[in-house]
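Asks: What follows is the file final09.pdb, containing PDB, C-alpha atoms, pLDDT in the B column:
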ATOM      1  CA  MET A1051      89.536  98.596  85.729  1.00 95.00           C
ATOM      2  CA  ILE A1052      88.360 101.834  87.275  1.00 97.00           C
ATOM      3  CA  GLU A1053      85.011 103.590  87.636  1.00 97.00           C
ATOM      4  CA  LYS A1054      84.284 106.641  85.506  1.00 97.00           C
ATOM      5  CA  ALA A1055      83.418 108.797  88.513  1.00 97.00           C
ATOM      6  CA  THR A1056      86.856 108.083  89.989  1.00 98.00           C
ATOM      7  CA  VAL A1057      88.616 108.948  86.722  1.00 97.00           C
ATOM      8  CA  ASP A1058      86.677 112.210  86.581  1.00 96.00           C
ATOM      9  CA  ALA A1059      87.560 113.009  90.201  1.00 98.00           C
ATOM     10  CA  ILE A1060      91.275 112.386  89.579  1.00 98.00           C
ATOM     11  CA  VAL A1061      91.293 114.569  86.451  1.00 97.00           C
ATOM     12  CA  ALA A1062      89.378 117.318  88.268  1.00 96.00           C
ATOM     13  CA  HIS A1063      91.898 117.235  91.114  1.00 98.00           C
ATOM     14  CA  ALA A1064      94.820 117.424  88.682  1.00 97.00           C
ATOM     15  CA  ARG A1065      93.239 120.435  86.965  1.00 96.00           C
ATOM     16  CA  ARG A1066      92.476 122.169  90.230  1.00 96.00           C
ATOM     17  CA  ASP A1067      96.062 121.906  91.482  1.00 97.00           C
ATOM     18  CA  HIS A1068      97.707 122.752  88.147  1.00 97.00           C
ATOM     19  CA  PRO A1069     100.429 124.127  87.754  1.00 96.00           C
ATOM     20  CA  ASP A1070     101.436 122.106  90.830  1.00 98.00           C
ATOM     21  CA  GLU A1071     101.319 118.337  90.743  1.00 98.00           C
ATOM     22  CA  ALA A1072      98.257 116.772  92.351  1.00 98.00           C
ATOM     23  CA  CYS A1073      98.372 113.424  94.164  1.00 98.00           C
ATOM     24  CA  GLY A1074      96.189 110.991  96.034  1.00 98.00           C
ATOM     25  CA  VAL A1075      94.997 107.431  96.320  1.00 98.00           C
ATOM     26  CA  VAL A1076      91.973 105.335  95.529  1.00 98.00           C
ATOM     27  CA  ALA A1077      91.466 102.890  98.355  1.00 98.00           C
ATOM     28  CA  GLY A1078      89.702  99.570  98.102  1.00 98.00           C
ATOM     29  CA  ALA A1079      89.132  96.404 100.096  1.00 97.00           C
ATOM     30  CA  GLU A1080      92.340  94.432 100.653  1.00 95.00           C
ATOM     31  CA  GLY A1081      92.935  91.950  97.873  1.00 94.00           C
ATOM     32  CA  SER A1082      89.961  93.162  95.813  1.00 96.00           C
ATOM     33  CA  ASP A1083      92.012  95.144  93.273  1.00 96.00           C
ATOM     34  CA  ARG A1084      89.027  97.514  93.040  1.00 97.00           C
ATOM     35  CA  GLY A1085      89.566 101.101  94.068  1.00 97.00           C
ATOM     36  CA  THR A1086      86.295 102.396  95.477  1.00 97.00           C
ATOM     37  CA  ARG A1087      87.189 105.307  97.724  1.00 98.00           C
ATOM     38  CA  PHE A1088      88.745 108.417  96.172  1.00 98.00           C
ATOM     39  CA  ILE A1089      91.075 110.166  98.605  1.00 98.00           C
ATOM     40  CA  PRO A1090      92.764 113.333  97.300  1.00 98.00           C
ATOM     41  CA  MET A1091      95.925 114.157  99.241  1.00 98.00           C
ATOM     42  CA  LEU A1092      97.813 117.378  99.774  1.00 98.00           C
ATOM     43  CA  ASN A1093     101.050 117.666  97.815  1.00 98.00           C
ATOM     44  CA  ALA A1094     103.328 118.752 100.663  1.00 98.00           C
ATOM     45  CA  ALA A1095     105.989 119.683  98.112  1.00 97.00           C
ATOM     46  CA  MET A1096     103.592 122.123  96.379  1.00 97.00           C
ATOM     47  CA  SER A1097     105.699 121.875  93.265  1.00 98.00           C
ATOM     48  CA  PRO A1098     105.145 121.606  89.504  1.00 97.00           C
ATOM     49  CA  THR A1099     107.833 118.906  89.315  1.00 97.00           C
ATOM     50  CA  PHE A1100     107.552 116.922  92.563  1.00 98.00           C
ATOM     51  CA  TYR A1101     104.938 115.470  94.865  1.00 98.00           C
ATOM     52  CA  GLU A1102     105.070 113.999  98.320  1.00 98.00           C
ATOM     53  CA  PHE A1103     102.333 113.151 100.802  1.00 98.00           C
ATOM     54  CA  ASP A1104     102.711 115.071 104.053  1.00 98.00           C
ATOM     55  CA  SER A1105     104.186 112.747 106.682  1.00 97.00           C
ATOM     56  CA  GLY A1106     101.356 113.280 109.185  1.00 97.00           C
ATOM     57  CA  ASP A1107      98.717 112.812 106.486  1.00 98.00           C
ATOM     58  CA  LEU A1108     100.495 109.641 105.373  1.00 98.00           C
ATOM     59  CA  LEU A1109     100.322 108.126 108.851  1.00 98.00           C
ATOM     60  CA  ARG A1110      96.642 109.024 109.254  1.00 98.00           C
ATOM     61  CA  LEU A1111      95.870 107.604 105.819  1.00 98.00           C
ATOM     62  CA  TYR A1112      97.526 104.249 106.472  1.00 97.00           C
ATOM     63  CA  LYS A1113      95.947 103.935 109.918  1.00 96.00           C
ATOM     64  CA  GLU A1114      92.541 104.590 108.409  1.00 97.00           C
ATOM     65  CA  LEU A1115      93.122 102.080 105.610  1.00 96.00           C
ATOM     66  CA  ASP A1116      94.264  99.527 108.174  1.00 94.00           C
ATOM     67  CA  GLU A1117      91.183 100.029 110.330  1.00 96.00           C
ATOM     68  CA  ARG A1118      88.925  99.579 107.310  1.00 97.00           C
ATOM     69  CA  ASP A1119      90.847  96.578 105.929  1.00 97.00           C
ATOM     70  CA  GLU A1120      91.645  98.611 102.843  1.00 97.00           C
ATOM     71  CA  GLU A1121      94.774  99.188 100.831  1.00 96.00           C
ATOM     72  CA  PRO A1122      95.872 101.824  98.325  1.00 97.00           C
ATOM     73  CA  VAL A1123      94.722 100.168  95.102  1.00 98.00           C
ATOM     74  CA  VAL A1124      95.625 103.232  93.043  1.00 98.00           C
ATOM     75  CA  ILE A1125      98.254 105.875  93.756  1.00 98.00           C
ATOM     76  CA  TYR A1126      97.824 108.763  91.351  1.00 98.00           C
ATOM     77  CA  HIS A1127      99.649 111.960  90.555  1.00 98.00           C
ATOM     78  CA  SER A1128      99.794 114.461  87.737  1.00 98.00           C
ATOM     79  CA  HIS A1129     102.529 115.663  85.455  1.00 98.00           C
ATOM     80  CA  THR A1130     101.963 119.260  84.523  1.00 97.00           C
ATOM     81  CA  ALA A1131     104.329 119.723  81.578  1.00 97.00           C
ATOM     82  CA  THR A1132     105.310 116.226  80.460  1.00 97.00           C
ATOM     83  CA  GLU A1133     103.617 113.045  79.341  1.00 97.00           C
ATOM     84  CA  ALA A1134     101.762 110.742  81.703  1.00 98.00           C
ATOM     85  CA  TYR A1135     104.677 108.343  82.009  1.00 98.00           C
ATOM     86  CA  PRO A1136     106.642 107.625  85.216  1.00 98.00           C
ATOM     87  CA  SER A1137     109.695 109.854  85.586  1.00 98.00           C
ATOM     88  CA  ARG A1138     113.014 108.532  86.842  1.00 97.00           C
ATOM     89  CA  THR A1139     112.105 109.921  90.269  1.00 97.00           C
ATOM     90  CA  ASP A1140     108.715 108.194  90.163  1.00 98.00           C
ATOM     91  CA  ILE A1141     110.424 104.898  89.460  1.00 98.00           C
ATOM     92  CA  ASN A1142     113.100 105.320  92.112  1.00 96.00           C
ATOM     93  CA  LEU A1143     110.613 106.263  94.809  1.00 97.00           C
ATOM     94  CA  ALA A1144     107.798 103.830  94.023  1.00 97.00           C
ATOM     95  CA  GLN A1145     107.448 101.667  97.124  1.00 95.00           C
ATOM     96  CA  GLU A1146     104.009 100.086  96.785  1.00 95.00           C
ATOM     97  CA  PRO A1147     104.513  97.055  94.540  1.00 92.00           C
ATOM     98  CA  GLY A1148     100.827  96.129  94.787  1.00 94.00           C
ATOM     99  CA  ALA A1149      99.495  99.493  93.646  1.00 97.00           C
ATOM    100  CA  HIS A1150      98.422 100.729  90.240  1.00 98.00           C
ATOM    101  CA  TYR A1151     100.366 103.931  89.677  1.00 98.00           C
ATOM    102  CA  VAL A1152      98.109 106.232  87.699  1.00 98.00           C
ATOM    103  CA  LEU A1153      99.513 109.273  85.913  1.00 98.00           C
ATOM    104  CA  VAL A1154      97.529 112.129  84.457  1.00 98.00           C
ATOM    105  CA  SER A1155      98.984 114.898  82.338  1.00 98.00           C
ATOM    106  CA  THR A1156      97.640 118.435  82.443  1.00 97.00           C
ATOM    107  CA  ARG A1157     100.110 119.717  79.843  1.00 96.00           C
ATOM    108  CA  ASP A1158      99.221 121.649  76.692  1.00 93.00           C
ATOM    109  CA  GLY A1159      96.077 123.255  78.075  1.00 93.00           C
ATOM    110  CA  ALA A1160      94.556 120.044  79.453  1.00 95.00           C
ATOM    111  CA  ASP A1161      94.356 121.761  82.846  1.00 94.00           C
ATOM    112  CA  SER A1162      91.538 123.988  81.622  1.00 91.00           C
ATOM    113  CA  PRO A1163      87.968 122.892  82.347  1.00 82.00           C
ATOM    114  CA  ALA A1164      87.190 124.248  78.859  1.00 87.00           C
ATOM    115  CA  TYR A1165      89.627 121.775  77.287  1.00 90.00           C
ATOM    116  CA  ASP A1166      87.511 119.088  75.684  1.00 87.00           C
ATOM    117  CA  GLY A1167      90.145 116.830  74.152  1.00 87.00           C
ATOM    118  CA  PRO A1168      91.223 113.563  75.691  1.00 90.00           C
ATOM    119  CA  VAL A1169      93.243 113.872  78.897  1.00 94.00           C
ATOM    120  CA  GLU A1170      96.203 111.501  79.161  1.00 97.00           C
ATOM    121  CA  PHE A1171      95.294 108.996  81.876  1.00 98.00           C
ATOM    122  CA  ARG A1172      97.600 105.989  82.094  1.00 98.00           C
ATOM    123  CA  SER A1173      98.357 103.259  84.593  1.00 98.00           C
ATOM    124  CA  TYR A1174     101.505 101.340  85.500  1.00 98.00           C
ATOM    125  CA  ARG A1175     102.919  98.780  87.851  1.00 98.00           C
ATOM    126  CA  ILE A1176     106.272  99.826  89.239  1.00 97.00           C
ATOM    127  CA  VAL A1177     108.123  96.961  90.918  1.00 95.00           C
ATOM    128  CA  ASP A1178     111.845  96.954  91.734  1.00 93.00           C
ATOM    129  CA  GLY A1179     112.494  99.776  89.279  1.00 94.00           C
ATOM    130  CA  GLU A1180     110.644  98.048  86.455  1.00 97.00           C
ATOM    131  CA  VAL A1181     107.718  99.833  84.814  1.00 98.00           C
ATOM    132  CA  THR A1182     104.913  97.910  83.148  1.00 98.00           C
ATOM    133  CA  GLU A1183     102.116  99.864  81.535  1.00 98.00           C
ATOM    134  CA  GLU A1184      98.662  98.344  81.812  1.00 98.00           C
ATOM    135  CA  GLU A1185      95.459  98.982  79.952  1.00 98.00           C
ATOM    136  CA  VAL A1186      92.971 101.257  81.668  1.00 97.00           C
ATOM    137  CA  ARG A1187      89.406 100.089  81.344  1.00 97.00           C
ATOM    138  CA  VAL A1188      86.857 102.657  82.449  1.00 96.00           C
ATOM    139  CA  VAL A1189      83.479 101.313  83.547  1.00 96.00           C
ATOM    140  CA  GLY A1190      80.324 103.029  84.772  1.00 95.00           C
ATOM    141  CA  SER A1191      80.383 100.937  87.915  1.00 95.00           C
ATOM    142  CA  TYR A1192      82.067  97.752  89.067  1.00 95.00           C
ATOM    143  CA  ALA A1193      78.618  96.224  89.578  1.00 92.00           C
ATOM    144  CA  GLU A1194      77.922  96.207  85.847  1.00 91.00           C
ATOM    145  CA  THR A1195      80.958  93.971  85.245  1.00 89.00           C
ATOM    146  CA  GLU A1196      79.877  91.282  87.695  1.00 84.00           C
ATOM    147  CA  GLY A1197      80.085  87.819  86.269  1.00 79.00           C
ATOM    148  CA  GLU A1198      83.016  88.704  83.997  1.00 78.00           C
ATOM    149  CA  HIS A1199      86.282  86.877  84.363  1.00 62.00           C
TER     150      HIS A1199
ATOM    151  CA  MET B1025     106.606  93.627 127.026  1.00 71.00           C
ATOM    152  CA  ALA B1026     108.536  94.751 124.029  1.00 95.00           C
ATOM    153  CA  ILE B1027     108.506  97.432 121.381  1.00 98.00           C
ATOM    154  CA  GLU B1028     106.407  96.753 118.315  1.00 98.00           C
ATOM    155  CA  LEU B1029     107.471  97.515 114.766  1.00 98.00           C
ATOM    156  CA  ARG B1030     104.709  97.849 112.169  1.00 97.00           C
ATOM    157  CA  VAL B1031     106.150  96.691 108.889  1.00 97.00           C
ATOM    158  CA  PRO B1032     105.008  98.176 105.547  1.00 95.00           C
ATOM    159  CA  THR B1033     104.045  95.816 102.710  1.00 92.00           C
ATOM    160  CA  ILE B1034     107.266  96.354 100.784  1.00 94.00           C
ATOM    161  CA  LEU B1035     109.427  95.273 103.756  1.00 96.00           C
ATOM    162  CA  ARG B1036     107.431  92.198 104.696  1.00 96.00           C
ATOM    163  CA  THR B1037     109.769  90.085 102.594  1.00 95.00           C
ATOM    164  CA  TYR B1038     112.149  90.492 105.538  1.00 97.00           C
ATOM    165  CA  THR B1039     109.595  89.395 108.141  1.00 97.00           C
ATOM    166  CA  GLY B1040     108.158  86.324 106.464  1.00 97.00           C
ATOM    167  CA  GLY B1041     105.056  88.326 105.628  1.00 96.00           C
ATOM    168  CA  ALA B1042     104.404  89.474 109.199  1.00 97.00           C
ATOM    169  CA  LYS B1043     102.770  92.896 109.530  1.00 95.00           C
ATOM    170  CA  ALA B1044     104.395  93.471 112.910  1.00 97.00           C
ATOM    171  CA  VAL B1045     107.494  92.225 114.702  1.00 98.00           C
ATOM    172  CA  SER B1046     108.943  93.151 118.064  1.00 97.00           C
ATOM    173  CA  GLY B1047     112.279  94.028 119.571  1.00 98.00           C
ATOM    174  CA  ASP B1048     114.051  96.006 122.270  1.00 97.00           C
ATOM    175  CA  GLY B1049     116.293  99.016 122.707  1.00 97.00           C
ATOM    176  CA  VAL B1050     116.548 102.307 124.522  1.00 98.00           C
ATOM    177  CA  ASN B1051     116.496 104.405 121.402  1.00 98.00           C
ATOM    178  CA  LEU B1052     115.398 103.986 117.798  1.00 98.00           C
ATOM    179  CA  ALA B1053     118.894 103.146 116.508  1.00 98.00           C
ATOM    180  CA  GLU B1054     119.280 100.330 119.051  1.00 98.00           C
ATOM    181  CA  PHE B1055     115.788  99.090 118.391  1.00 98.00           C
ATOM    182  CA  ILE B1056     116.385  98.901 114.634  1.00 98.00           C
ATOM    183  CA  ASP B1057     119.673  97.045 115.232  1.00 98.00           C
ATOM    184  CA  ASN B1058     117.873  94.641 117.531  1.00 98.00           C
ATOM    185  CA  VAL B1059     115.060  93.945 115.056  1.00 98.00           C
ATOM    186  CA  ASN B1060     117.599  93.590 112.251  1.00 98.00           C
ATOM    187  CA  GLY B1061     119.225  90.822 114.285  1.00 97.00           C
ATOM    188  CA  THR B1062     116.092  88.716 113.995  1.00 96.00           C
ATOM    189  CA  HIS B1063     115.082  90.003 110.548  1.00 97.00           C
ATOM    190  CA  PRO B1064     118.295  90.694 108.637  1.00 97.00           C
ATOM    191  CA  GLY B1065     118.037  93.219 105.842  1.00 97.00           C
ATOM    192  CA  LEU B1066     115.382  95.407 107.427  1.00 97.00           C
ATOM    193  CA  LYS B1067     117.858  97.945 108.700  1.00 98.00           C
ATOM    194  CA  GLU B1068     119.402  98.914 105.394  1.00 96.00           C
ATOM    195  CA  ARG B1069     115.955  99.683 104.013  1.00 97.00           C
ATOM    196  CA  ILE B1070     115.358 102.186 106.805  1.00 98.00           C
ATOM    197  CA  VAL B1071     118.796 103.600 107.532  1.00 98.00           C
ATOM    198  CA  GLU B1072     121.667 104.703 105.290  1.00 96.00           C
ATOM    199  CA  GLY B1073     125.071 106.362 105.345  1.00 94.00           C
ATOM    200  CA  GLU B1074     127.852 106.893 107.827  1.00 92.00           C
ATOM    201  CA  PRO B1075     127.050 108.290 110.314  1.00 93.00           C
ATOM    202  CA  GLU B1076     123.761 106.460 109.989  1.00 95.00           C
ATOM    203  CA  GLU B1077     120.690 108.453 109.184  1.00 96.00           C
ATOM    204  CA  LEU B1078     117.116 107.655 108.331  1.00 97.00           C
ATOM    205  CA  ARG B1079     116.551 107.301 104.619  1.00 97.00           C
ATOM    206  CA  ARG B1080     115.041 110.445 103.161  1.00 96.00           C
ATOM    207  CA  PHE B1081     112.022 108.681 101.670  1.00 97.00           C
ATOM    208  CA  VAL B1082     111.174 106.445 104.601  1.00 97.00           C
ATOM    209  CA  ASN B1083     109.029 107.847 107.394  1.00 98.00           C
ATOM    210  CA  VAL B1084     109.352 106.485 110.913  1.00 98.00           C
ATOM    211  CA  TYR B1085     106.933 107.287 113.719  1.00 98.00           C
ATOM    212  CA  VAL B1086     107.162 106.455 117.413  1.00 98.00           C
ATOM    213  CA  ASN B1087     103.712 106.527 118.992  1.00 98.00           C
ATOM    214  CA  ASP B1088     102.428 108.544 116.020  1.00 97.00           C
ATOM    215  CA  GLU B1089     105.193 111.178 116.197  1.00 98.00           C
ATOM    216  CA  ASP B1090     107.399 111.542 113.124  1.00 98.00           C
ATOM    217  CA  VAL B1091     110.878 110.945 114.555  1.00 98.00           C
ATOM    218  CA  ARG B1092     112.337 113.670 112.335  1.00 96.00           C
ATOM    219  CA  PHE B1093     110.901 116.041 114.922  1.00 96.00           C
ATOM    220  CA  THR B1094     111.903 114.043 118.011  1.00 97.00           C
ATOM    221  CA  GLY B1095     115.615 113.358 117.516  1.00 96.00           C
ATOM    222  CA  GLY B1096     115.733 110.936 114.607  1.00 97.00           C
ATOM    223  CA  LEU B1097     117.575 107.716 115.395  1.00 98.00           C
ATOM    224  CA  LYS B1098     118.277 109.033 118.895  1.00 98.00           C
ATOM    225  CA  THR B1099     114.578 109.147 119.708  1.00 98.00           C
ATOM    226  CA  GLU B1100     114.050 107.273 122.972  1.00 98.00           C
ATOM    227  CA  VAL B1101     111.837 104.209 122.967  1.00 98.00           C
ATOM    228  CA  LYS B1102     110.509 101.999 125.736  1.00 98.00           C
ATOM    229  CA  ASP B1103     108.454  98.881 126.297  1.00 97.00           C
ATOM    230  CA  GLY B1104     104.971  99.232 124.910  1.00 98.00           C
ATOM    231  CA  ASP B1105     105.901 101.789 122.265  1.00 98.00           C
ATOM    232  CA  VAL B1106     104.759 101.317 118.702  1.00 98.00           C
ATOM    233  CA  VAL B1107     107.155 102.127 115.893  1.00 98.00           C
ATOM    234  CA  VAL B1108     105.574 102.544 112.450  1.00 98.00           C
ATOM    235  CA  VAL B1109     107.629 102.552 109.262  1.00 98.00           C
ATOM    236  CA  LEU B1110     105.967 103.944 106.120  1.00 98.00           C
ATOM    237  CA  PRO B1111     107.665 104.486 102.800  1.00 97.00           C
ATOM    238  CA  ALA B1112     107.063 107.997 101.518  1.00 97.00           C
ATOM    239  CA  VAL B1113     104.539 108.314  98.730  1.00 98.00           C
ATOM    240  CA  ALA B1114     106.420 110.658  96.464  1.00 98.00           C
ATOM    241  CA  GLY B1115     107.711 111.184  92.969  1.00 98.00           C
ATOM    242  CA  GLY B1116     108.377 113.743  90.317  1.00 95.00           C
TER     243      GLY B1116
END
Kindly transcribe the structure held in the file into structure tokens.

Replies:
Amino acid sequence: MIEKATVDAIVAHARRDHPDEACGVVAGAEGSDRGTRFIPMLNAAMSPTFYEFDSGDLLRLYKELDERDEEPVVIYHSHTATEAYPSRTDINLAQEPGAHYVLVSTRDGADSPAYDGPVEFRSYRIVDGEVTEEEVRVVGSYAETEGEH
Amino acid sequence: MAIELRVPTILRTYTGGAKAVSGDGVNLAEFIDNVNGTHPGLKERIVEGEPEELRRFVNVYVNDEDVRFTGGLKTEVKDGDVVVVLPAVAGG
């Protein structure tokens, strides 16, 4: 479950950085499984086929999350020419078993703000090399789902 | 006093869930060996190859400095230092 404003922010970031891959996290309270704070990160690789958080940025990010009792609920990145499915590299390098790995594709013109078709936005768990796709449910706000189980 | 190792989530299986463990050594290589003695398995997730080198997609910081810029495994450490291990967030 993810808020619409966050989805929009991730897609906008992916479009902005196209043709390079965009990446970032959505942080949320530890154990809540609700990403509430959108944090776009710099792709230090500045590449259309690879992304990596800058090592200094990574340290600052995790310190900040720690201080706020948050964790990376979502780790997102874009694919710029292929489908929004984890690549072999994505699977090999995934090291946050608790995170939702979100992939967005900006292929086939989806990078353009004028593009009005659906943008591929998919989510996965990646644990020990095993990929499990999960349904993405977009809500206006988490508050409106209170009381649901 | 000792040197503290901050353990990332994915490696806490080696520390019984602890977020931080401590050890000793005069440089990073010795420190990792020392911590591996009490928490076997940690080392091979951080270091690889012969001669040993830090894994490409694991970042290690001593007092907030990325050790890739301070001598890698030869980086000196001392009592009171904080060693942070963070898996890279990367992919293709």

Asks: Could you tell me, as an MDAnalysis selection string, exactly which residues end up selected when the ChimeraX specification (/A :<12) & /B is applied to this structure?

Replies: chainID B and resid 1030:1037 1043 1069 1079:1093 1107:1116

Asks: Can you pull out the residues contacting Val1050 (chain B)? Cut-off 10 Å, using all atoms listed in the file, and skip same-chain residues under 2 positions away; I want them as a list in words.

Replies: Ile1027, Asp1048, Leu1052, Ala1053, Glu1054, Phe1055, Lys1098, Thr1099, Glu1100, Val1101, Lys1102 and Asp1103 of chain B

Asks: Report, in Å to a single decimal, how far apart CA of Lys1113 (chain A) and CA of Gly1078 (chain A) are.

Replies: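 Separation of CA of Gly1078 (chain A) and CA of Lys1113 (chain A): 14.1 Å.
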
Asks: Mind pulling up the distance from CA of His1150 (chain A) to CA of Thr1182 (chain A)?

Replies: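 That distance, rounded to one decimal, is 10.0 Å.
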
Asks: Here's the selection I'm unsure about, the PyMOL selection byres ((chain A and resi 1157-1165) around 8); applied to the file above, which residues does it give, as a ChimeraX atom specification?

Replies: /A:1064-1066,1068,1129-1133,1155-1156,1166-1167,1169

Asks: Would you mind reading off the distance between CA of Val1189 (chain A) and CA of Ala1134 (chain A), one decimal, in Å?

Replies: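 Value for the CA of Val1189 (chain A)-CA of Ala1134 (chain A) distance: 20.7 Å.
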
Asks: Model the absent atoms of region 1050-1077 of chain B so that N, CA and C atoms are present, and write the result as a JSON list (two decimals), in the coordinates of the input.

Replies:
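Contents of the output file rebuild36.json:
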[["chain", "number", "residue", "atom", "x", "y", "z"],
["B", 1050, "VAL", "N", 116.87, 101.10, 123.76],
["B", 1050, "VAL", "CA", 116.55, 102.31, 124.52],
["B", 1050, "VAL", "C", 116.31, 103.50, 123.60],
["B", 1051, "ASN", "N", 116.82, 103.36, 122.38],
["B", 1051, "ASN", "CA", 116.50, 104.40, 121.40],
["B", 1051, "ASN", "C", 116.25, 103.73, 120.04],
["B", 1052, "LEU", "N", 115.82, 104.54, 119.08],
["B", 1052, "LEU", "CA", 115.40, 103.99, 117.80],
["B", 1052, "LEU", "C", 116.54, 103.23, 117.10],
["B", 1053, "ALA", "N", 117.75, 103.78, 117.16],
["B", 1053, "ALA", "CA", 118.89, 103.15, 116.51],
["B", 1053, "ALA", "C", 119.12, 101.74, 117.08],
["B", 1054, "GLU", "N", 119.09, 101.63, 118.39],
["B", 1054, "GLU", "CA", 119.28, 100.33, 119.05],
["B", 1054, "GLU", "C", 118.15, 99.37, 118.70],
["B", 1055, "PHE", "N", 116.96, 99.91, 118.70],
["B", 1055, "PHE", "CA", 115.79, 99.09, 118.39],
["B", 1055, "PHE", "C", 115.88, 98.52, 116.97],
["B", 1056, "ILE", "N", 116.27, 99.36, 116.02],
["B", 1056, "ILE", "CA", 116.38, 98.90, 114.63],
["B", 1056, "ILE", "C", 117.49, 97.85, 114.52],
["B", 1057, "ASP", "N", 118.61, 98.06, 115.22],
["B", 1057, "ASP", "CA", 119.67, 97.04, 115.23],
["B", 1057, "ASP", "C", 119.15, 95.72, 115.79],
["B", 1058, "ASN", "N", 118.40, 95.83, 116.87],
["B", 1058, "ASN", "CA", 117.87, 94.64, 117.53],
["B", 1058, "ASN", "C", 116.92, 93.87, 116.60],
["B", 1059, "VAL", "N", 116.02, 94.59, 115.96],
["B", 1059, "VAL", "CA", 115.06, 93.94, 115.06],
["B", 1059, "VAL", "C", 115.79, 93.37, 113.83],
["B", 1060, "ASN", "N", 116.83, 94.07, 113.40],
["B", 1060, "ASN", "CA", 117.60, 93.59, 112.25],
["B", 1060, "ASN", "C", 118.31, 92.27, 112.58],
["B", 1061, "GLY", "N", 118.60, 92.08, 113.87],
["B", 1061, "GLY", "CA", 119.22, 90.82, 114.28],
["B", 1061, "GLY", "C", 118.32, 89.63, 114.04],
["B", 1062, "THR", "N", 117.04, 89.82, 114.22],
["B", 1062, "THR", "CA", 116.09, 88.72, 114.00],
["B", 1062, "THR", "C", 115.53, 88.73, 112.58],
["B", 1063, "HIS", "N", 115.61, 89.87, 111.92],
["B", 1063, "HIS", "CA", 115.08, 90.00, 110.55],
["B", 1063, "HIS", "C", 116.11, 90.73, 109.68],
["B", 1064, "PRO", "N", 117.19, 90.04, 109.35],
["B", 1064, "PRO", "CA", 118.30, 90.69, 108.64],
["B", 1064, "PRO", "C", 117.85, 91.33, 107.32],
["B", 1065, "GLY", "N", 118.37, 92.53, 107.08],
["B", 1065, "GLY", "CA", 118.04, 93.22, 105.84],
["B", 1065, "GLY", "C", 117.11, 94.39, 106.06],
["B", 1066, "LEU", "N", 116.33, 94.32, 107.15],
["B", 1066, "LEU", "CA", 115.38, 95.41, 107.43],
["B", 1066, "LEU", "C", 116.10, 96.75, 107.59],
["B", 1067, "LYS", "N", 117.20, 96.70, 108.33],
["B", 1067, "LYS", "CA", 117.86, 97.94, 108.70],
["B", 1067, "LYS", "C", 118.28, 98.78, 107.49],
["B", 1068, "GLU", "N", 118.88, 98.12, 106.51],
["B", 1068, "GLU", "CA", 119.40, 98.91, 105.39],
["B", 1068, "GLU", "C", 118.30, 99.51, 104.53],
["B", 1069, "ARG", "N", 117.07, 99.08, 104.74],
["B", 1069, "ARG", "CA", 115.96, 99.68, 104.01],
["B", 1069, "ARG", "C", 115.42, 100.90, 104.75],
["B", 1070, "ILE", "N", 115.87, 101.09, 105.98],
["B", 1070, "ILE", "CA", 115.36, 102.19, 106.80],
["B", 1070, "ILE", "C", 116.44, 103.24, 107.05],
["B", 1071, "VAL", "N", 117.67, 102.76, 107.13],
["B", 1071, "VAL", "CA", 118.80, 103.60, 107.53],
["B", 1071, "VAL", "C", 119.85, 103.59, 106.43],
["B", 1072, "GLU", "N", 120.58, 104.69, 106.27],
["B", 1072, "GLU", "CA", 121.67, 104.70, 105.29],
["B", 1072, "GLU", "C", 122.79, 105.61, 105.76],
["B", 1073, "GLY", "N", 123.96, 105.44, 105.16],
["B", 1073, "GLY", "CA", 125.07, 106.36, 105.34],
["B", 1073, "GLY", "C", 125.90, 106.14, 106.59],
["B", 1074, "GLU", "N", 126.94, 106.93, 106.69],
["B", 1074, "GLU", "CA", 127.85, 106.89, 107.83],
["B", 1074, "GLU", "C", 128.23, 108.33, 108.14],
["B", 1075, "PRO", "N", 127.86, 108.93, 109.28],
["B", 1075, "PRO", "CA", 127.05, 108.29, 110.31],
["B", 1075, "PRO", "C", 125.65, 107.93, 109.81],
["B", 1076, "GLU", "N", 125.07, 106.95, 110.44],
["B", 1076, "GLU", "CA", 123.76, 106.46, 109.99],
["B", 1076, "GLU", "C", 122.67, 107.51, 110.16],
["B", 1077, "GLU", "N", 121.85, 107.56, 109.13],
["B", 1077, "GLU", "CA", 120.69, 108.45, 109.18],
["B", 1077, "GLU", "C", 119.50, 107.73, 108.60]]
